[in-house]
Every structure is written in C-alpha cells, then in structure tokens.
file input.txt (compact mmCIF, C-alpha atoms and all ligand atoms)
# COMPACT_ATOMS: atom_id res chain seq x y z
CA MET C 30 -39.73 -81.63 -44.54
CA LYS C 31 -42.42 -79.30 -45.74
CA SER C 32 -44.16 -80.56 -48.84
CA TYR C 33 -45.67 -78.33 -51.49
CA PRO C 34 -48.41 -79.10 -53.98
CA LEU C 35 -47.02 -80.17 -57.35
CA SER C 36 -48.22 -76.97 -58.99
CA PHE C 37 -45.77 -75.06 -56.77
CA TYR C 38 -42.79 -76.37 -58.69
CA PRO C 39 -41.95 -74.57 -61.90
CA SER C 40 -42.38 -77.00 -64.80
CA ARG C 41 -38.90 -76.17 -66.13
CA PRO C 42 -35.74 -75.07 -64.40
CA ALA C 43 -34.77 -71.42 -64.86
CA THR C 44 -31.81 -72.24 -67.10
CA ASP C 45 -32.80 -74.98 -69.40
CA HIS C 46 -29.86 -75.01 -71.76
CA LEU C 47 -28.22 -78.30 -72.50
CA ILE C 48 -24.84 -78.18 -70.84
CA ASP C 49 -22.83 -81.37 -70.54
CA ARG C 50 -20.48 -82.44 -67.75
CA PHE C 51 -17.55 -80.73 -69.47
CA ASP C 52 -19.26 -77.38 -69.80
CA ARG C 53 -20.01 -77.72 -73.48
CA GLN C 54 -23.33 -76.21 -74.49
CA LEU C 55 -25.14 -78.51 -76.90
CA SER C 56 -26.76 -76.30 -79.50
CA TYR C 57 -26.52 -78.33 -82.70
CA LEU C 58 -28.88 -81.17 -83.63
CA ARG C 59 -28.20 -83.38 -86.64
CA ILE C 60 -31.31 -85.20 -87.74
CA SER C 61 -31.29 -88.28 -89.91
CA VAL C 62 -34.61 -88.39 -91.73
CA THR C 63 -34.10 -91.79 -93.33
CA ASP C 64 -31.62 -94.61 -93.29
CA ARG C 65 -32.29 -95.35 -96.94
CA CYS C 66 -29.86 -94.21 -99.60
CA ASN C 67 -29.66 -94.36 -103.37
CA MET C 68 -25.90 -94.90 -103.19
CA ARG C 69 -23.81 -97.82 -101.99
CA CYS C 70 -20.59 -96.34 -100.61
CA ASP C 71 -18.71 -99.21 -98.97
CA TYR C 72 -17.30 -97.16 -96.11
CA CYS C 73 -20.74 -95.90 -95.15
CA ARG C 74 -22.80 -99.08 -95.40
CA PRO C 75 -20.13 -101.77 -95.36
CA GLU C 76 -22.32 -104.81 -95.65
CA ALA C 77 -24.36 -103.00 -98.25
CA ASP C 78 -26.30 -105.89 -99.58
CA LEU C 79 -27.13 -107.17 -96.12
CA TYR C 80 -28.19 -103.78 -94.88
CA GLN C 81 -31.84 -103.74 -93.81
CA ALA C 82 -33.38 -100.30 -93.86
CA GLU C 83 -35.84 -99.48 -91.09
CA SER C 84 -39.46 -100.11 -92.04
CA HIS C 85 -41.66 -97.12 -92.71
CA ALA C 86 -43.37 -97.42 -89.32
CA GLN C 87 -40.04 -97.36 -87.44
CA VAL C 88 -38.98 -94.07 -88.94
CA MET C 89 -39.85 -90.81 -87.19
CA ARG C 90 -42.80 -88.94 -88.67
CA TYR C 91 -42.39 -85.28 -89.59
CA GLU C 92 -44.72 -84.13 -86.81
CA GLU C 93 -42.63 -86.10 -84.30
CA ILE C 94 -39.41 -84.57 -85.60
CA GLU C 95 -40.88 -81.09 -85.47
CA ARG C 96 -41.97 -81.57 -81.86
CA ILE C 97 -38.47 -82.71 -80.91
CA VAL C 98 -36.90 -79.74 -82.68
CA ARG C 99 -39.28 -77.32 -80.97
CA LEU C 100 -38.40 -78.69 -77.53
CA ALA C 101 -34.69 -78.79 -78.38
CA ALA C 102 -34.89 -75.16 -79.50
CA GLU C 103 -36.40 -74.23 -76.15
CA MET C 104 -33.31 -75.81 -74.60
CA GLY C 105 -30.87 -73.75 -76.62
CA VAL C 106 -30.50 -75.71 -79.85
CA ASN C 107 -30.30 -73.15 -82.66
CA LYS C 108 -28.69 -75.13 -85.43
CA VAL C 109 -30.20 -78.12 -87.26
CA ARG C 110 -28.73 -80.21 -90.04
CA ILE C 111 -30.83 -82.68 -92.02
CA THR C 112 -29.00 -85.80 -93.07
CA GLY C 113 -29.47 -89.53 -93.63
CA GLY C 114 -29.21 -92.01 -95.40
CA GLU C 115 -29.94 -89.76 -98.30
CA PRO C 116 -32.40 -87.12 -97.07
CA LEU C 117 -33.73 -86.34 -100.54
CA VAL C 118 -35.05 -89.89 -101.03
CA ARG C 119 -37.56 -89.26 -98.24
CA ARG C 120 -40.93 -88.21 -99.63
CA ASP C 121 -41.99 -84.57 -99.11
CA LEU C 122 -38.74 -83.53 -97.50
CA VAL C 123 -39.42 -79.95 -98.50
CA LYS C 124 -42.41 -80.05 -96.13
CA LEU C 125 -40.15 -80.96 -93.21
CA ILE C 126 -37.69 -78.21 -94.13
CA LYS C 127 -40.56 -75.71 -93.99
CA MET C 128 -41.73 -77.05 -90.65
CA ILE C 129 -38.29 -76.83 -89.07
CA ALA C 130 -37.50 -73.44 -90.59
CA ALA C 131 -40.63 -72.14 -88.84
CA VAL C 132 -39.56 -73.31 -85.36
CA PRO C 133 -38.68 -70.27 -83.23
CA GLY C 134 -35.01 -70.27 -82.28
CA ILE C 135 -33.71 -72.33 -85.22
CA ASP C 136 -31.61 -69.85 -87.13
CA ASP C 137 -29.32 -72.18 -89.02
CA LEU C 138 -30.92 -74.94 -91.08
CA SER C 139 -28.70 -76.97 -93.39
CA MET C 140 -28.56 -80.32 -95.13
CA THR C 141 -25.98 -82.93 -96.10
CA THR C 142 -26.74 -84.71 -99.36
CA ASN C 143 -25.15 -86.73 -102.12
CA ALA C 144 -26.83 -84.23 -104.49
CA THR C 145 -28.09 -86.84 -106.94
CA LEU C 146 -31.64 -85.47 -106.60
CA LEU C 147 -30.70 -81.88 -105.88
CA LYS C 148 -31.33 -80.53 -109.34
CA LYS C 149 -35.01 -81.37 -108.89
CA TYR C 150 -35.36 -79.93 -105.38
CA ALA C 151 -32.79 -77.12 -104.97
CA LYS C 152 -35.16 -74.23 -105.66
CA GLU C 153 -37.99 -75.66 -103.49
CA LEU C 154 -35.55 -76.31 -100.66
CA ALA C 155 -34.23 -72.76 -100.82
CA ASP C 156 -37.78 -71.37 -100.85
CA ALA C 157 -38.66 -73.57 -97.88
CA GLY C 158 -35.88 -72.04 -95.77
CA LEU C 159 -32.82 -74.23 -96.27
CA LYS C 160 -29.85 -71.98 -95.66
CA ARG C 161 -26.76 -74.03 -96.40
CA ILE C 162 -25.83 -77.30 -98.00
CA ASN C 163 -22.98 -79.80 -97.79
CA ILE C 164 -22.53 -82.05 -100.78
CA SER C 165 -20.65 -85.32 -100.53
CA MET C 166 -18.54 -86.12 -103.57
CA ASP C 167 -15.55 -88.42 -103.42
CA SER C 168 -14.34 -88.42 -107.02
CA LEU C 169 -14.43 -86.40 -110.23
CA ASN C 170 -13.72 -89.48 -112.28
CA PRO C 171 -17.07 -90.90 -113.50
CA LEU C 172 -15.87 -94.52 -113.54
CA ARG C 173 -14.28 -94.34 -110.11
CA PHE C 174 -17.33 -92.52 -108.80
CA ARG C 175 -19.59 -95.30 -110.05
CA LYS C 176 -17.39 -98.00 -108.60
CA LEU C 177 -17.27 -96.31 -105.22
CA THR C 178 -20.88 -95.25 -104.89
CA GLY C 179 -22.88 -97.36 -107.34
CA GLY C 180 -24.23 -94.05 -108.69
CA GLU C 181 -23.53 -91.57 -111.45
CA LEU C 182 -21.40 -88.42 -111.20
CA ALA C 183 -23.30 -86.29 -113.75
CA PRO C 184 -26.43 -85.72 -111.60
CA VAL C 185 -24.21 -84.72 -108.67
CA LEU C 186 -22.47 -82.07 -110.76
CA ALA C 187 -25.87 -80.87 -111.99
CA GLY C 188 -27.05 -80.75 -108.37
CA ILE C 189 -24.12 -78.54 -107.38
CA ASP C 190 -24.96 -76.10 -110.17
CA ALA C 191 -28.65 -76.15 -109.25
CA ALA C 192 -27.89 -75.34 -105.61
CA MET C 193 -25.75 -72.40 -106.72
CA GLU C 194 -28.49 -71.14 -109.03
CA ALA C 195 -31.02 -71.45 -106.23
CA GLY C 196 -28.79 -69.23 -104.09
CA ILE C 197 -28.11 -71.81 -101.38
CA GLU C 198 -24.87 -70.49 -99.95
CA PRO C 199 -22.28 -71.41 -98.94
CA ILE C 200 -21.89 -74.76 -100.66
CA LYS C 201 -19.42 -77.09 -99.07
CA ILE C 202 -18.15 -80.19 -100.79
CA ASN C 203 -17.14 -83.06 -98.51
CA THR C 204 -14.73 -85.72 -99.73
CA VAL C 205 -13.74 -88.74 -97.69
CA LEU C 206 -10.03 -89.51 -98.13
CA LEU C 207 -9.59 -93.11 -99.22
CA ARG C 208 -6.10 -94.45 -99.77
CA GLY C 209 -5.79 -96.40 -102.99
CA ILE C 210 -9.04 -94.92 -104.30
CA ASN C 211 -9.05 -91.11 -104.37
CA ALA C 212 -6.12 -90.20 -102.08
CA GLY C 213 -2.42 -90.95 -101.97
CA GLY C 214 -0.36 -92.38 -104.80
CA GLU C 215 -0.72 -91.53 -108.46
CA HIS C 216 -4.53 -91.60 -108.51
CA CYS C 217 -4.77 -88.94 -105.82
CA GLU C 218 -7.58 -86.52 -106.65
CA VAL C 219 -7.06 -84.04 -103.81
CA ALA C 220 -5.45 -81.34 -105.99
CA GLU C 221 -8.03 -81.77 -108.73
CA LEU C 222 -10.89 -81.55 -106.24
CA ILE C 223 -9.42 -78.36 -104.77
CA ASP C 224 -9.32 -76.83 -108.28
CA PHE C 225 -12.87 -77.97 -108.96
CA ALA C 226 -14.20 -76.42 -105.75
CA LEU C 227 -12.39 -73.17 -106.51
CA SER C 228 -13.96 -73.08 -109.96
CA LYS C 229 -17.41 -73.38 -108.34
CA GLN C 230 -16.60 -70.94 -105.53
CA ALA C 231 -17.37 -73.73 -103.12
CA THR C 232 -15.35 -74.77 -100.09
CA ILE C 233 -13.96 -78.27 -100.14
CA ARG C 234 -13.35 -80.26 -96.99
CA PHE C 235 -11.46 -83.52 -96.80
CA ILE C 236 -12.61 -85.98 -94.17
CA GLU C 237 -10.48 -88.69 -92.62
CA LEU C 238 -12.05 -92.12 -92.93
CA MET C 239 -13.60 -93.31 -89.67
CA PRO C 240 -13.87 -96.99 -88.72
CA MET C 241 -17.59 -96.91 -88.25
CA LYS C 242 -18.42 -100.56 -88.52
CA GLN C 243 -16.66 -103.87 -88.38
CA GLY C 244 -16.07 -105.39 -91.77
CA MET C 245 -14.74 -102.15 -93.23
CA ALA C 246 -11.16 -102.25 -94.57
CA TRP C 247 -10.27 -99.18 -92.53
CA GLU C 248 -6.56 -99.92 -92.10
CA LYS C 249 -6.21 -100.38 -95.86
CA HIS C 250 -7.96 -97.16 -96.88
CA TYR C 251 -7.29 -94.72 -94.04
CA ILE C 252 -4.90 -91.90 -94.90
CA SER C 253 -4.11 -89.03 -92.56
CA THR C 254 -4.45 -85.34 -93.34
CA ASP C 255 -0.75 -84.97 -92.53
CA GLU C 256 0.19 -87.33 -95.31
CA ILE C 257 -2.02 -85.45 -97.77
CA LEU C 258 -0.40 -82.15 -96.76
CA GLN C 259 3.04 -83.54 -97.69
CA ARG C 260 2.08 -83.93 -101.35
CA PRO C 261 3.74 -81.43 -103.72
CA ASP C 262 0.55 -80.96 -105.78
CA VAL C 263 -1.34 -80.09 -102.58
CA ARG C 264 1.44 -77.81 -101.29
CA ALA C 265 1.35 -75.97 -104.62
CA ARG C 266 -2.24 -75.01 -103.89
CA VAL C 267 -2.57 -74.84 -100.12
CA ASP C 268 -0.54 -72.70 -97.73
CA VAL C 269 0.38 -75.54 -95.40
CA ASP C 270 2.55 -73.26 -93.25
CA ALA C 271 -0.35 -71.04 -92.27
CA ALA C 272 -1.93 -71.61 -88.92
CA LEU C 273 -4.92 -73.93 -89.12
CA SER C 274 -7.94 -71.81 -88.48
CA THR C 275 -10.92 -73.11 -86.62
CA THR C 276 -14.52 -72.15 -86.84
CA ASN C 277 -17.18 -73.54 -84.60
CA SER C 278 -17.35 -76.60 -86.84
CA ALA C 279 -15.31 -79.78 -86.73
CA ALA C 280 -13.15 -78.63 -89.64
CA ARG C 281 -9.77 -76.90 -89.58
CA TYR C 282 -9.01 -74.61 -92.49
CA LEU C 283 -5.88 -73.66 -94.44
CA PRO C 284 -5.81 -70.79 -96.96
CA LEU C 285 -5.44 -71.40 -100.67
CA LYS C 286 -2.31 -69.96 -102.27
CA GLN C 287 -4.17 -68.65 -105.29
CA GLY C 288 -7.50 -66.98 -105.29
CA GLN C 289 -9.52 -66.44 -102.23
CA GLY C 290 -10.76 -69.21 -100.11
CA GLU C 291 -9.64 -72.06 -97.99
CA VAL C 292 -9.57 -75.80 -97.80
CA GLY C 293 -11.01 -77.67 -94.84
CA PHE C 294 -9.77 -80.79 -93.12
CA ILE C 295 -11.93 -82.84 -90.81
CA MET C 296 -9.64 -85.02 -88.75
CA PRO C 297 -11.67 -87.27 -86.49
CA MET C 298 -8.82 -89.81 -86.39
CA SER C 299 -5.61 -87.77 -86.29
CA GLU C 300 -6.94 -84.89 -84.22
CA ARG C 301 -10.03 -85.45 -82.15
CA PHE C 302 -12.35 -82.49 -82.34
CA CYS C 303 -14.30 -83.39 -79.24
CA GLU C 304 -13.24 -80.40 -77.16
CA GLY C 305 -15.64 -77.99 -78.81
CA CYS C 306 -18.27 -80.55 -79.78
CA ASN C 307 -21.76 -79.09 -79.46
CA ARG C 308 -23.63 -81.86 -81.26
CA LEU C 309 -26.49 -84.17 -80.61
CA ARG C 310 -27.84 -86.60 -83.18
CA LEU C 311 -31.30 -87.94 -83.81
CA THR C 312 -31.36 -91.18 -85.78
CA ALA C 313 -34.07 -91.94 -88.33
CA ASP C 314 -35.73 -94.32 -85.87
CA GLY C 315 -35.74 -91.77 -83.08
CA GLY C 316 -32.57 -92.53 -81.12
CA LEU C 317 -30.95 -89.54 -79.44
CA ARG C 318 -27.15 -89.83 -79.43
CA SER C 319 -24.72 -87.41 -77.91
CA CYS C 320 -21.55 -88.86 -79.45
CA LEU C 321 -21.07 -90.20 -82.98
CA PRO C 322 -18.84 -93.21 -82.28
CA GLU C 323 -20.38 -94.23 -78.95
CA ASP C 324 -23.10 -96.86 -79.05
CA GLN C 325 -25.30 -95.32 -76.42
CA GLN C 326 -28.57 -93.77 -77.55
CA LEU C 327 -31.89 -92.93 -75.90
CA ASN C 328 -35.15 -93.80 -77.58
CA LEU C 329 -37.34 -90.77 -78.19
CA ARG C 330 -39.66 -92.40 -80.72
CA ASP C 331 -41.09 -94.96 -78.31
CA LEU C 332 -41.45 -92.31 -75.62
CA ILE C 333 -43.39 -90.06 -77.98
CA ARG C 334 -45.57 -92.88 -79.30
CA ALA C 335 -46.38 -93.95 -75.75
CA GLY C 336 -47.77 -90.46 -75.14
CA GLY C 337 -44.67 -89.00 -73.45
CA SER C 338 -45.05 -85.41 -72.23
CA ASP C 339 -42.93 -82.47 -73.37
CA GLU C 340 -41.21 -82.57 -70.00
CA ALA C 341 -40.39 -86.28 -70.43
CA ILE C 342 -38.82 -85.48 -73.81
CA ARG C 343 -36.83 -82.62 -72.31
CA SER C 344 -35.55 -84.89 -69.61
CA VAL C 345 -34.29 -87.36 -72.25
CA PHE C 346 -32.34 -84.47 -73.80
CA ARG C 347 -30.87 -83.62 -70.40
CA ARG C 348 -29.91 -87.25 -69.87
CA ALA C 349 -28.27 -87.41 -73.32
CA ALA C 350 -26.25 -84.30 -72.44
CA LEU C 351 -25.06 -85.91 -69.22
CA LEU C 352 -24.07 -89.07 -71.09
CA LYS C 353 -21.89 -87.20 -73.59
CA PRO C 354 -18.32 -88.42 -73.06
CA GLU C 355 -15.41 -85.98 -72.92
CA VAL C 356 -13.82 -87.73 -75.88
CA GLY C 357 -15.48 -90.21 -78.22
CA SER C 358 -13.70 -93.46 -78.81
CA TYR C 359 -13.63 -95.59 -81.93
CA ASP C 360 -12.85 -99.03 -80.66
CA PHE C 361 -12.05 -101.79 -83.02
CA SER C 362 -13.26 -104.74 -81.01
CA SER C 363 -15.19 -107.23 -83.08
CA ASP C 364 -18.06 -107.43 -80.61
CA SER C 365 -18.72 -103.72 -80.87
CA ASP C 366 -22.17 -103.14 -82.25
CA LYS C 367 -21.38 -99.68 -83.55
CA ARG C 368 -23.58 -98.85 -86.42
CA SER C 369 -22.62 -97.49 -89.79
CA MET C 370 -23.06 -93.86 -90.80
CA ILE C 371 -26.01 -94.72 -92.98
CA SER C 372 -28.08 -95.62 -89.94
CA ILE C 373 -26.74 -93.02 -87.49
CA GLY C 374 -26.76 -90.16 -89.95
CA GLY C 375 -23.52 -88.57 -91.07
N1 LIG A 401 -26.39 -89.22 -98.12
C1 LIG A 401 -25.90 -87.98 -97.63
C2 LIG A 401 -24.54 -87.68 -98.21
O1 LIG A 401 -24.04 -88.48 -98.99
O2 LIG A 401 -24.00 -86.64 -97.88
C3 LIG A 401 -25.90 -87.82 -96.12
C4 LIG A 401 -25.47 -88.95 -95.27
S1 LIG A 401 -23.78 -89.46 -95.41
C5 LIG A 401 -23.76 -90.70 -94.17
C6 LIG A 401 -22.94 -88.09 -94.67
C7 LIG A 401 -21.46 -88.08 -94.80
O3 LIG A 401 -20.89 -89.10 -94.02
C8 LIG A 401 -20.93 -88.24 -96.21
O4 LIG A 401 -20.12 -87.13 -96.52
C9 LIG A 401 -20.11 -89.49 -96.12
O5 LIG A 401 -19.03 -89.44 -96.98
C10 LIG A 401 -19.69 -89.48 -94.66
N2 LIG A 401 -19.25 -90.78 -94.16
C11 LIG A 401 -19.94 -91.93 -94.18
N3 LIG A 401 -19.21 -92.94 -93.63
C12 LIG A 401 -18.03 -92.39 -93.28
C13 LIG A 401 -16.85 -92.92 -92.68
N4 LIG A 401 -16.74 -94.18 -92.35
N5 LIG A 401 -15.83 -92.05 -92.46
C14 LIG A 401 -15.93 -90.74 -92.79
N6 LIG A 401 -17.01 -90.20 -93.34
C15 LIG A 401 -18.05 -91.01 -93.59
call {"tool": "encode", "arguments": {"input": "input.txt", "output": "structure tokens"}}
result
Amino acid sequence: MKSYPLSFYPSRPATDHLIDRFDRQLSYLRISVTDRCNMRCDYCRPEADLYQAESHAQVMRYEEIERIVRLAAEMGVNKVRITGGEPLVRRDLVKLIKMIAAVPGIDDLSMTTNATLLKKYAKELADAGLKRINISMDSLNPLRFRKLTGGELAPVLAGIDAAMEAGIEPIKINTVLLRGINAGGEHCEVAELIDFALSKQATIRFIELMPMKQGMAWEKHYISTDEILQRPDVRARVDVDAALSTTNSAARYLPLKQGQGEVGFIMPMSERFCEGCNRLRLTADGGLRSCLPEDQQLNLRDLIRAGGSDEAIRSVFRRAALLKPEVGSYDFSSDSDKRSMISIGG
C-alpha cells in the first residue's frame, strides 16, 4: 500500500458534524459550571449532607470550557446552556457568558438557574449575551418552598422580575412534579403555578421526577403527566384535548384555554424523548456525556490538562457521539453508580 506523508491527510474530515449512530445530529451542549448549589432539593442531591462538591482544582476553568465550546461549535454545536449545581454561585460567571457568546457559531446561549441570585446578575447577564433563561421553582408556598429546597422563595420571585426587566426572553419556569409535596391531592399547586406563569407572561413546564440516584424516594413522589392532566383544576385551564405540540426541545406543549400561551410537560419517565435528542453534556469536572441517565462519560479535563491537541478533543466528541444510546435507561439497581443531577448538571 502506498504511504503518504502525514501532512497529506487533511487534519479534519470534510463533514465534521457530530452525528450519532441513529442519525441524530448533536448540536446542543449543556455545560455544568459547578456542582455546588445554594439549595438542598432532596430529589437533586439526595444524600445532601454527605454530598462532597468537587474541589476547586477539579472544576473546569473558563478558558478550558471556552476551548471546548469553540471546538464543539466547529463540529456543529450551535446551542449552549449553562447549568449546575447553581451556575450563579460560580465566581465571575458573567465573564464566561461573554466568552461563550463570542464563540462563532453559538447562536443560542441560555442558562438554567434557581434564580436566588438573579436579581443581582440579570442585567449583567443580559448585557453579556445571555439570550434565554429557565428558572426552577417548585412551589409558590414559602414554607413548602423552604422545606423542599432549604432556601427562600422571595429572592426567586425577585429574580424572575429582574430577568423580565433585563429583557431576557423568553422566561421558562420549570417545576418538578412531586406527589405529596406540590402535585396530586389537595396540596396540588399545578393550577396555581399555571396562573402565576400566565401573570408573568412566562411559560411553565412541569417535569416528571427522574430516579437519578439511589436513596431517592422516587416511587413515593413520582406522579405522571397523565395523572396531572386528569385533574379538574388543570382541565379548567389547559386544553387537554388539543394535540401535544413539539418543538425541538424535550417538552410537549398544550395550549391554555384562557389567554395566549401554553403549558409544557417534560415526560422523561412516561414518554421517552430520546428520538429527537440532540444533547451532549459537560460536567463541572470535565466529563463529556452523551446521555443523561447513562453512567458513561469521557474525561476531557484530564486530556486538556495533559496538553491534548484540538484534534484529540474533537475525537473525544466523536467518540461520545458514537456512544450515545438510542434510548437512555434509568435502571434502579442498587449497584448503579448513577450520579445525581447536581453533579451531572440538569
Ligand atoms: N441550580 C439550577 C436550577 O435549580 O435550575 C440548575 C441545576 S438543576 C440540577 C436543573 C434542573 O434539574 C432543575 O429544574 C431541577 O428541578 C431538575 N432536577 C434535578 N433533579 C431532578 C430529578 N431527579 N428529576 C427531575 N428533575 C430534576
């Protein structure tokens, strides 16, 4: 066989988009910038008091994250979401937002936050190039909110208002459905949360609880979207007979009966949304994951810190794409070392 000098080979293949084995193009990178959080939601960090956050040195530096985003963008990633942990507890986050907003090819930059610190940062984030924001809020009842999260509701409400004033649009509110806490039975807050979102011209999305880590009382608190849609107070507000509309996100939407707008349902348990999944995830300590509930992840941080080349990083992305399963599976076995959302990044 004829051999050619190395320089003969193009350094990158002609089509360098990240396509997985099931023909899904991976164009969305969710980046956890910290696994620290100022809240203590049981379902997110189940063994809260035992949870050991990564040390400062383990966490990806902003320059490392920017390099990864730049290479990912060259491979077709155009959408980035910053998450955590709580992203706003990381120092100088606005600086990272600016850095990512400046990467050619990234045209959708968003963040998921618990909004406790948003009042302070909303304007700076908007100025830095943050386009959209998702705010997690599981209750409108201050006492219940405190019990569930260990935090206060008032700063979250102030954060929502601040984001609106700063012109960060659209605002989406994400609520995890928890039987016996905020969903089902007489304490169900779904209708009230729908009214609240409408009053703020925000879109609310209800998320089915995922069994992310052993030790979580998933069976006790899981409630399906179907069950929520049977409730008379929900049916009075939501047109449950309309066809569920899909966007390119994981949510399905139903129109509101009054006013304009819709309500979203994210149903990882009752309806897998893997078919159109275009996501990759980067954990705070530099693990590249192609499927939320699967344990497998590839270590980009160590590669970068060992002097890995751009091409070596690209090849890790390609490998992650090839590892992406057709359908993610949440298994309940006790020896599973699945990690909680706080460390993967929600
Ligand atoms: N701290 C930020 C926040 O609160 O939005 C970002 C990280 S948090 C892990 C992202 C989202 O994951 C939140 O909306 C949270 O409710 C959701 N989440 C965490 N654990 C979950 C679980 N077991 N099932 C469903 N959603 C979960």
call {"tool": "residues_near_ligand", "arguments": {"input": "input.txt", "ligand": "ligand LIG 401 (chain A)", "cutoff": "9 Å", "atoms": "all atoms listed in the file", "output": "JSON, numbers by chain"}}
result
{"C": [61, 64, 65, 66, 67, 68, 70, 71, 72, 73, 74, 75, 111, 112, 113, 114, 115, 116, 117, 140, 141, 142, 143, 144, 163, 164, 165, 166, 167, 202, 203, 204, 205, 206, 236, 237, 238, 239, 240, 241, 242, 245, 247, 297, 369, 370, 371, 372, 373, 374, 375]}
call {"tool": "write_last_selection", "arguments": {"input": "input.txt", "atoms": "C-alpha atoms", "output": "compact mmCIF listing (two decimals), in the frame of the given file"}}
result
# COMPACT_ATOMS: atom_id res chain seq x y z
CA SER C 61 -31.29 -88.28 -89.91
CA ASP C 64 -31.62 -94.61 -93.29
CA ARG C 65 -32.29 -95.35 -96.94
CA CYS C 66 -29.86 -94.21 -99.60
CA ASN C 67 -29.66 -94.36 -103.37
CA MET C 68 -25.90 -94.90 -103.19
CA CYS C 70 -20.59 -96.34 -100.61
CA ASP C 71 -18.71 -99.21 -98.97
CA TYR C 72 -17.30 -97.16 -96.11
CA CYS C 73 -20.74 -95.90 -95.15
CA ARG C 74 -22.80 -99.08 -95.40
CA PRO C 75 -20.13 -101.77 -95.36
CA ILE C 111 -30.83 -82.68 -92.02
CA THR C 112 -29.00 -85.80 -93.07
CA GLY C 113 -29.47 -89.53 -93.63
CA GLY C 114 -29.21 -92.01 -95.40
CA GLU C 115 -29.94 -89.76 -98.30
CA PRO C 116 -32.40 -87.12 -97.07
CA LEU C 117 -33.73 -86.34 -100.54
CA MET C 140 -28.56 -80.32 -95.13
CA THR C 141 -25.98 -82.93 -96.10
CA THR C 142 -26.74 -84.71 -99.36
CA ASN C 143 -25.15 -86.73 -102.12
CA ALA C 144 -26.83 -84.23 -104.49
CA ASN C 163 -22.98 -79.80 -97.79
CA ILE C 164 -22.53 -82.05 -100.78
CA SER C 165 -20.65 -85.32 -100.53
CA MET C 166 -18.54 -86.12 -103.57
CA ASP C 167 -15.55 -88.42 -103.42
CA ILE C 202 -18.15 -80.19 -100.79
CA ASN C 203 -17.14 -83.06 -98.51
CA THR C 204 -14.73 -85.72 -99.73
CA VAL C 205 -13.74 -88.74 -97.69
CA LEU C 206 -10.03 -89.51 -98.13
CA ILE C 236 -12.61 -85.98 -94.17
CA GLU C 237 -10.48 -88.69 -92.62
CA LEU C 238 -12.05 -92.12 -92.93
CA MET C 239 -13.60 -93.31 -89.67
CA PRO C 240 -13.87 -96.99 -88.72
CA MET C 241 -17.59 -96.91 -88.25
CA LYS C 242 -18.42 -100.56 -88.52
CA MET C 245 -14.74 -102.15 -93.23
CA TRP C 247 -10.27 -99.18 -92.53
CA PRO C 297 -11.67 -87.27 -86.49
CA SER C 369 -22.62 -97.49 -89.79
CA MET C 370 -23.06 -93.86 -90.80
CA ILE C 371 -26.01 -94.72 -92.98
CA SER C 372 -28.08 -95.62 -89.94
CA ILE C 373 -26.74 -93.02 -87.49
CA GLY C 374 -26.76 -90.16 -89.95
CA GLY C 375 -23.52 -88.57 -91.07
call {"tool": "closest_residue", "arguments": {"input": "input.txt", "among": "C:Glu218, C:Met89, C:Arg69, C:Leu283", "to": "Gly180 in chain C", "atoms": "only C-alpha atoms"}}
result
C:Arg69
call {"tool": "axis_aligned_box", "arguments": {"input": "input.txt", "around": "range 247-266 of chain C", "padding_each_side": "4 Å", "output": "JSON"}}
result
{"center_x": -3.3, "center_y": -87.7, "center_z": -98.9, "size_x": 22.0, "size_y": 33.4, "size_z": 21.7}
call {"tool": "atom_distance", "arguments": {"input": "input.txt", "atom1": "CA of Arg53 in chain C", "atom2": "CA of Ala102 in chain C"}}
result
16.3 Å
call {"tool": "closest_residue", "arguments": {"input": "input.txt", "among": "C:Gln87, C:Ala212, C:Gln289, C:Arg348", "to": "Val263 in chain C", "atoms": "all atoms listed in the file"}}
result
C:Ala212
call {"tool": "atom_distance", "arguments": {"input": "input.txt", "atom1": "CA of Ala155 in chain C", "atom2": "CA of Gly134 in chain C"}}
result
18.7 Å
call {"tool": "closest_residue", "arguments": {"input": "input.txt", "among": "C:Arg330, C:Lys108, C:Arg208, C:Lys160", "to": "Ile342 in chain C", "atoms": "only C-alpha atoms"}}
result
C:Arg330
call {"tool": "atom_distance", "arguments": {"input": "input.txt", "atom1": "CA of Leu317 in chain C", "atom2": "CA of Ala82 in chain C"}}
result
18.2 Å
call {"tool": "residues_around", "arguments": {"input": "input.txt", "residues": "Ala191 in chain C", "least_positions_apart": "2", "cutoff": "7 Å", "atoms": "all atoms listed in the file", "output": "list in words"}}
result
Leu147, Lys148, Ala151, Ala187, Gly188, Ile189, Met193, Glu194 and Ala195 of chain C
call {"tool": "residues_around", "arguments": {"input": "input.txt", "residues": "Tyr282 in chain C", "least_positions_apart": "2", "cutoff": "7 Å", "atoms": "only C-alpha atoms", "output": "number ranges by chain"}}
result
C: 273-275, 280, 284, 291-294
call {"tool": "closest_residue", "arguments": {"input": "input.txt", "among": "C:Leu285, C:Ile126, C:Val185, C:Ala131", "to": "Leu146 in chain C", "atoms": "all atoms listed in the file"}}
result
C:Val185
call {"tool": "closest_residue", "arguments": {"input": "input.txt", "among": "C:Leu327, C:Leu227, C:Leu58, C:Val219", "to": "Gly315 in chain C", "atoms": "all atoms listed in the file"}}
result
C:Leu327
call {"tool": "residues_near_point", "arguments": {"input": "input.txt", "point": "(3.0, -90.2, -106.0)", "cutoff": "10 Å", "atoms": "all atoms listed in the file", "output": "ChimeraX atom specification"}}
result
/C:212-217,260-262
call {"tool": "residues_around", "arguments": {"input": "input.txt", "residues": "Ile162 in chain C", "least_positions_apart": "4", "cutoff": "7 Å", "atoms": "all atoms listed in the file", "output": "PyMOL selection string"}}
result
chain C and resi 139-141+197+199-201
call {"tool": "write_last_selection", "arguments": {"input": "input.txt", "atoms": "C-alpha atoms", "output": "mmCIF file, in the frame of the given file"}}
result
data_model
loop_
_atom_site.group_PDB
_atom_site.id
_atom_site.type_symbol
_atom_site.label_atom_id
_atom_site.label_comp_id
_atom_site.auth_asym_id
_atom_site.auth_seq_id
_atom_site.Cartn_x
_atom_site.Cartn_y
_atom_site.Cartn_z
ATOM 1 C CA SER C 139 -28.700 -76.970 -93.390
ATOM 2 C CA MET C 140 -28.560 -80.320 -95.130
ATOM 3 C CA THR C 141 -25.980 -82.930 -96.100
ATOM 4 C CA ILE C 197 -28.110 -71.810 -101.380
ATOM 5 C CA PRO C 199 -22.280 -71.410 -98.940
ATOM 6 C CA ILE C 200 -21.890 -74.760 -100.660
ATOM 7 C CA LYS C 201 -19.420 -77.090 -99.070
#
call {"tool": "closest_residue", "arguments": {"input": "input.txt", "among": "C:Glu103, C:Asp190, C:Glu300, C:Glu198", "to": "Leu159 in chain C", "atoms": "all atoms listed in the file"}}
result
C:Glu198
call {"tool": "residues_around", "arguments": {"input": "input.txt", "residues": "Leu332 in chain C", "least_positions_apart": "4", "cutoff": "12 Å", "atoms": "all atoms listed in the file", "output": "ChimeraX atom specification"}}
result
/C:89,93,97,314-317,327-328,336-345
